[in-house]
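Novice: Right, I'll just put the structure down here and ask away after.
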Amino acid sequence: MRLQRTGVILNTDDYDACVAFYRDVLALPVIFEKHEGDFRLSCLEFGGSYLMVETGGVARPQGKRIAENATKLRLNVADLEEARETLRARGIEAHIERHDWGATINLFDPDGNRVGLREEGAFRQQAEDATS
(Lines give C-alpha, C1' and ligand atoms only; values in the text may rest on other atoms or scores of the structure.)
Protein backbone atom coordinates (compact mmCIF):
# COMPACT_ATOMS: atom_id res chain seq x y z
CA MET A 1 0.00 0.00 0.00
CA ARG A 2 1.32 3.43 -0.95
CA LEU A 3 -0.16 6.18 1.17
CA GLN A 4 -1.04 9.32 -0.71
CA ARG A 5 -2.25 11.46 2.19
CA THR A 6 -3.15 11.10 5.84
CA GLY A 7 -5.90 12.74 7.79
CA VAL A 8 -7.81 12.77 11.04
CA ILE A 9 -11.60 13.02 11.27
CA LEU A 10 -12.90 14.73 14.40
CA ASN A 11 -16.63 14.42 15.04
CA THR A 12 -17.91 17.36 17.06
CA ASP A 13 -21.07 18.39 18.87
CA ASP A 14 -20.43 22.14 18.77
CA TYR A 15 -19.32 22.16 15.13
CA ASP A 16 -19.21 25.94 14.63
CA ALA A 17 -17.15 26.59 17.77
CA CYS A 18 -14.73 23.76 16.96
CA VAL A 19 -14.21 24.94 13.38
CA ALA A 20 -13.60 28.48 14.67
CA PHE A 21 -11.09 27.13 17.22
CA TYR A 22 -9.03 25.21 14.66
CA ARG A 23 -9.36 27.87 11.95
CA ASP A 24 -9.05 31.08 13.96
CA VAL A 25 -7.18 30.15 17.16
CA LEU A 26 -4.80 27.51 15.80
CA ALA A 27 -4.73 29.16 12.35
CA LEU A 28 -5.31 26.00 10.30
CA PRO A 29 -6.33 27.06 6.78
CA VAL A 30 -9.62 25.68 5.44
CA ILE A 31 -9.19 23.46 2.37
CA PHE A 32 -12.91 23.01 1.71
CA GLU A 33 -16.29 22.78 3.43
CA LYS A 34 -19.41 20.74 2.74
CA HIS A 35 -22.89 21.19 4.17
CA GLU A 36 -25.76 18.79 3.36
CA GLY A 37 -28.82 19.10 5.56
CA ASP A 38 -27.76 18.57 9.18
CA PHE A 39 -24.38 17.15 8.14
CA ARG A 40 -21.50 19.61 7.99
CA LEU A 41 -17.77 19.24 7.58
CA SER A 42 -14.75 21.48 7.27
CA CYS A 43 -11.44 20.13 6.04
CA LEU A 44 -8.40 22.04 7.33
CA GLU A 45 -4.68 21.82 6.57
CA PHE A 46 -2.93 19.93 9.35
CA GLY A 47 0.84 20.07 8.81
CA GLY A 48 1.03 18.01 5.61
CA SER A 49 -2.09 16.08 6.53
CA TYR A 50 -5.68 17.21 7.04
CA LEU A 51 -8.05 17.61 9.95
CA MET A 52 -11.67 17.04 8.97
CA VAL A 53 -14.08 18.51 11.52
CA GLU A 54 -17.53 16.96 11.17
CA THR A 55 -20.83 16.99 12.99
CA GLY A 56 -21.90 14.01 15.06
CA GLY A 57 -19.66 14.09 18.13
CA VAL A 58 -20.25 14.41 21.85
CA ALA A 59 -19.06 17.46 23.77
CA ARG A 60 -17.56 17.66 27.23
CA PRO A 61 -16.40 21.31 27.21
CA GLN A 62 -14.52 21.04 30.52
CA GLY A 63 -12.26 18.48 28.84
CA LYS A 64 -12.51 14.81 27.98
CA ARG A 65 -10.53 12.33 30.02
CA ILE A 66 -8.35 9.80 28.21
CA ALA A 67 -10.94 7.12 29.01
CA GLU A 68 -13.54 9.15 27.09
CA ASN A 69 -11.32 10.05 24.16
CA ALA A 70 -7.96 8.33 23.92
CA THR A 71 -6.80 10.57 21.05
CA LYS A 72 -4.87 13.81 21.43
CA LEU A 73 -4.19 16.06 18.45
CA ARG A 74 -0.54 17.16 18.48
CA LEU A 75 0.75 20.20 16.63
CA ASN A 76 4.49 20.77 16.61
CA VAL A 77 5.54 24.42 16.47
CA ALA A 78 8.84 26.21 15.95
CA ASP A 79 8.70 28.16 19.22
CA LEU A 80 6.53 27.15 22.17
CA GLU A 81 6.88 30.50 23.98
CA GLU A 82 5.71 32.30 20.85
CA ALA A 83 2.80 29.85 20.50
CA ARG A 84 1.77 30.53 24.10
CA GLU A 85 1.75 34.30 23.49
CA THR A 86 -0.22 33.86 20.27
CA LEU A 87 -2.80 31.73 22.07
CA ARG A 88 -3.09 34.26 24.89
CA ALA A 89 -3.57 37.06 22.36
CA ARG A 90 -6.44 35.00 20.90
CA GLY A 91 -8.11 34.61 24.29
CA ILE A 92 -6.84 31.14 25.22
CA GLU A 93 -5.13 30.70 28.58
CA ALA A 94 -2.06 28.59 27.85
CA HIS A 95 0.58 27.22 30.19
CA ILE A 96 3.81 25.49 29.24
CA GLU A 97 4.35 22.18 31.02
CA ARG A 98 7.98 21.08 31.19
CA HIS A 99 9.01 17.41 31.25
CA ASP A 100 12.36 15.63 31.00
CA TRP A 101 11.53 14.75 27.36
CA GLY A 102 10.39 18.27 26.37
CA ALA A 103 7.71 20.88 26.94
CA THR A 104 4.09 21.08 25.84
CA ILE A 105 1.03 23.28 25.98
CA ASN A 106 -2.08 21.21 26.58
CA LEU A 107 -5.51 22.59 25.65
CA PHE A 108 -9.06 21.49 25.06
CA ASP A 109 -11.08 22.50 22.01
CA PRO A 110 -14.68 23.71 22.59
CA ASP A 111 -15.92 20.09 22.62
CA GLY A 112 -13.30 19.07 25.18
CA ASN A 113 -11.05 17.20 22.74
CA ARG A 114 -7.41 17.14 23.84
CA VAL A 115 -4.93 19.24 21.84
CA GLY A 116 -1.21 19.53 22.55
CA LEU A 117 1.49 21.80 21.16
CA ARG A 118 5.18 20.88 21.30
CA GLU A 119 8.39 22.35 19.93
CA GLU A 120 9.49 20.61 16.76
CA GLY A 121 13.20 20.89 17.63
CA ALA A 122 12.77 19.05 20.94
CA PHE A 123 10.68 16.39 19.21
CA ARG A 124 13.35 15.89 16.54
CA GLN A 125 16.02 15.63 19.23
CA GLN A 126 14.01 13.04 21.15
CA ALA A 127 13.59 10.99 17.97
CA GLU A 128 17.31 11.21 17.18
CA ASP A 129 18.26 10.21 20.74
CA ALA A 130 15.93 7.21 20.55
CA THR A 131 17.56 5.94 17.35
CA SER A 132 21.18 6.49 18.48
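Going by the C-alpha coordinates order, chains are called A, B, ..., each with residues numbered from 1, while ligands are numbered from 1 in the order shown.
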DSSP on the backbone, alpha helix (DSSP H) only: what residues of chain A does that give? Format it as a list in words.
Specialist: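 Output for chain A, alpha helix (DSSP H) only: Tyr15, Asp16, Ala17, Cys18, Val19, Ala20, Leu80, Glu81, Glu82, Ala83, Arg84, Glu85, Thr86, Leu87, Arg88, Ala89, Glu120, Gly121, Ala122, Phe123, Arg124, Gln125, Gln126, Ala127, Glu128, Asp129, Ala130 and Thr131 of chain A.
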Novice: Show me, as a ChimeraX atom specification, the residues that have an atom within 9 Å of stretch 51-59 of chain A when counting only C-alpha atoms, minus same-chain residues fewer than 2 positions from it.
Specialist: /A:7-15,18-19,22,28,38-46,49,61-64,110-113
Novice: Just to be explicit: take each residue in the selection above, keep N, CA, C and O atoms, and write the result as a CSV table (one decimal), in the first residue's frame.
Specialist:
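Here's the written file again.csv:
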```
chain,number,residue,atom,x,y,z
A,7,GLY,N,-5.0,11.8,7.2
A,7,GLY,CA,-5.9,12.7,7.8
A,7,GLY,C,-6.5,12.2,9.1
A,7,GLY,O,-6.4,11.0,9.4
A,8,VAL,N,-7.1,13.1,9.8
A,8,VAL,CA,-7.8,12.8,11.0
A,8,VAL,C,-9.2,13.3,10.9
A,8,VAL,O,-9.4,14.5,10.5
A,9,ILE,N,-10.2,12.5,11.3
A,9,ILE,CA,-11.6,13.0,11.3
A,9,ILE,C,-12.0,13.2,12.7
A,9,ILE,O,-11.9,12.3,13.5
A,10,LEU,N,-12.5,14.4,13.0
A,10,LEU,CA,-12.9,14.7,14.4
A,10,LEU,C,-14.4,15.1,14.4
A,10,LEU,O,-14.8,16.1,13.8
A,11,ASN,N,-15.2,14.2,14.9
A,11,ASN,CA,-16.6,14.4,15.0
A,11,ASN,C,-16.9,15.3,16.2
A,11,ASN,O,-16.4,15.1,17.3
A,12,THR,N,-17.7,16.4,16.0
A,12,THR,CA,-17.9,17.4,17.1
A,12,THR,C,-19.4,17.6,17.3
A,12,THR,O,-20.2,17.4,16.4
A,13,ASP,N,-19.7,18.0,18.5
A,13,ASP,CA,-21.1,18.4,18.9
A,13,ASP,C,-21.3,19.9,18.6
A,13,ASP,O,-22.2,20.2,17.9
A,14,ASP,N,-20.3,20.7,19.0
A,14,ASP,CA,-20.4,22.1,18.8
A,14,ASP,C,-19.6,22.4,17.5
A,14,ASP,O,-18.5,23.0,17.6
A,15,TYR,N,-20.1,22.1,16.4
A,15,TYR,CA,-19.3,22.2,15.1
A,15,TYR,C,-18.8,23.6,14.9
A,15,TYR,O,-17.6,23.7,14.6
A,18,CYS,N,-15.9,24.6,17.2
A,18,CYS,CA,-14.7,23.8,17.0
A,18,CYS,C,-14.1,24.2,15.7
A,18,CYS,O,-12.8,24.4,15.6
A,19,VAL,N,-14.8,24.4,14.6
A,19,VAL,CA,-14.2,24.9,13.4
A,19,VAL,C,-13.5,26.3,13.6
A,19,VAL,O,-12.4,26.5,13.2
A,22,TYR,N,-10.1,25.7,15.5
A,22,TYR,CA,-9.0,25.2,14.7
A,22,TYR,C,-8.7,26.2,13.6
A,22,TYR,O,-7.5,26.4,13.3
A,28,LEU,N,-5.4,27.0,11.3
A,28,LEU,CA,-5.3,26.0,10.3
A,28,LEU,C,-6.2,26.5,9.1
A,28,LEU,O,-7.4,26.7,9.3
A,38,ASP,N,-28.3,18.4,7.8
A,38,ASP,CA,-27.8,18.6,9.2
A,38,ASP,C,-26.3,18.2,9.2
A,38,ASP,O,-25.6,18.4,10.2
A,39,PHE,N,-25.8,17.6,8.2
A,39,PHE,CA,-24.4,17.1,8.1
A,39,PHE,C,-23.5,18.3,7.6
A,39,PHE,O,-23.8,18.9,6.6
A,40,ARG,N,-22.4,18.6,8.4
A,40,ARG,CA,-21.5,19.6,8.0
A,40,ARG,C,-20.1,19.1,8.2
A,40,ARG,O,-19.8,18.4,9.2
A,41,LEU,N,-19.2,19.5,7.4
A,41,LEU,CA,-17.8,19.2,7.6
A,41,LEU,C,-16.9,20.4,7.1
A,41,LEU,O,-17.3,21.1,6.1
A,42,SER,N,-15.8,20.5,7.7
A,42,SER,CA,-14.8,21.5,7.3
A,42,SER,C,-13.4,20.7,7.3
A,42,SER,O,-13.1,20.1,8.3
A,43,CYS,N,-12.7,20.8,6.2
A,43,CYS,CA,-11.4,20.1,6.0
A,43,CYS,C,-10.4,21.2,6.1
A,43,CYS,O,-10.4,22.2,5.3
A,44,LEU,N,-9.4,21.0,7.1
A,44,LEU,CA,-8.4,22.0,7.3
A,44,LEU,C,-7.0,21.4,7.1
A,44,LEU,O,-6.8,20.2,7.4
A,45,GLU,N,-6.1,22.3,6.7
A,45,GLU,CA,-4.7,21.8,6.6
A,45,GLU,C,-4.2,21.5,8.0
A,45,GLU,O,-4.5,22.2,8.9
A,46,PHE,N,-3.4,20.4,8.1
A,46,PHE,CA,-2.9,19.9,9.4
A,46,PHE,C,-1.5,19.4,9.2
A,46,PHE,O,-1.2,18.3,9.4
A,49,SER,N,-1.0,17.0,6.4
A,49,SER,CA,-2.1,16.1,6.5
A,49,SER,C,-3.4,16.9,6.5
A,49,SER,O,-3.3,18.1,6.1
A,61,PRO,N,-17.2,20.1,27.3
A,61,PRO,CA,-16.4,21.3,27.2
A,61,PRO,C,-15.3,21.5,28.3
A,61,PRO,O,-14.3,22.1,28.0
A,62,GLN,N,-15.5,20.9,29.5
A,62,GLN,CA,-14.5,21.0,30.5
A,62,GLN,C,-13.3,20.2,30.2
A,62,GLN,O,-12.3,20.3,30.9
A,63,GLY,N,-13.4,19.3,29.2
A,63,GLY,CA,-12.3,18.5,28.8
A,63,GLY,C,-12.6,17.0,29.0
A,63,GLY,O,-13.1,16.6,30.0
A,64,LYS,N,-12.3,16.3,28.0
A,64,LYS,CA,-12.5,14.8,28.0
A,64,LYS,C,-11.3,14.1,28.6
A,64,LYS,O,-10.2,14.5,28.3
A,110,PRO,N,-13.4,23.4,22.0
A,110,PRO,CA,-14.7,23.7,22.6
A,110,PRO,C,-15.5,22.5,22.9
A,110,PRO,O,-16.4,22.5,23.8
A,111,ASP,N,-15.2,21.3,22.3
A,111,ASP,CA,-15.9,20.1,22.6
A,111,ASP,C,-15.2,19.3,23.7
A,111,ASP,O,-15.7,18.3,24.1
A,112,GLY,N,-14.0,19.8,24.1
A,112,GLY,CA,-13.3,19.1,25.2
A,112,GLY,C,-12.3,18.1,24.6
A,112,GLY,O,-11.7,17.3,25.4
A,113,ASN,N,-12.1,18.1,23.3
A,113,ASN,CA,-11.1,17.2,22.7
A,113,ASN,C,-9.7,17.7,23.1
A,113,ASN,O,-9.4,18.9,23.1
```
Novice: Which of chain A end up as strand (DSSP E) when DSSP is run on this backbone - answer as a PyMOL selection string?
Specialist: chain A and resi 7-12+30-36+39-45+50-55+72-77+96-99+102-108+114-119
Novice: Which residue gives the smallest distance to A:Ala67 among A:His99, A:Arg124, A:Arg114, A:Lys34, with only C-alpha atoms counted?
Specialist: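 Using only C-alpha atoms, A:Ala67 sits closest to A:Arg114.
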Novice: For A:Val115, which residue out of A:Ala130, A:Arg98, A:Phe21, A:Arg88 is the nearest one, using only C-alpha atoms?
Specialist: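 Result for the nearest residue to A:Val115: A:Phe21.
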Novice: If we count only C-alpha atoms and set the cut-off at 7 Å, which residues sit around A:His95, ignoring sequence neighbours fewer than 2 positions away in its own chain? Please answer as a list in words.
Specialist: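 My list of contacting residues is Glu93, Glu97 and Ile105 of chain A.
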Novice: Write out the residues from the selection above, keeping C-alpha atoms, as a PDB file, in the first residue's frame.
Specialist:
```pdb
ATOM      1  CA  GLU A  93      -5.127  30.705  28.579  1.00  0.00           C
ATOM      2  CA  GLU A  97       4.347  22.177  31.016  1.00  0.00           C
ATOM      3  CA  ILE A 105       1.033  23.275  25.975  1.00  0.00           C
TER       4      ILE A 105
END
```
Novice: Which neighbours of A:Lys72 fall inside 10 Å, counting only C-alpha atoms, when residues of the same chain fewer than 3 positions from it are skipped, and could you give them as a PyMOL selection string?
Specialist: chain A and resi 66+69+75+106-108+113-116
Novice: Any idea what the distance is between atom CA of A:Leu87 and atom CA of A:Phe123?
Specialist: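 We find that atom CA of A:Leu87 and atom CA of A:Phe123 lie 20.6 Å from each other.
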Novice: I need the residue nearest A:Ala20 from this list: A:Gln125, A:Gly47, A:Asp109, A:Glu119. Use only C-alpha atoms for the distance.
Specialist: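 Using only C-alpha atoms, A:Ala20 sits closest to A:Asp109.
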Novice: Need the shell around A:Glu120: protein/DNA/RNA residues with any atom at most 10 Å away, counting only C-alpha atoms. Skip same-chain ones fewer than 2 positions apart. Format as a ChimeraX atom specification?
Specialist: /A:75-80,102,117-118,122-126
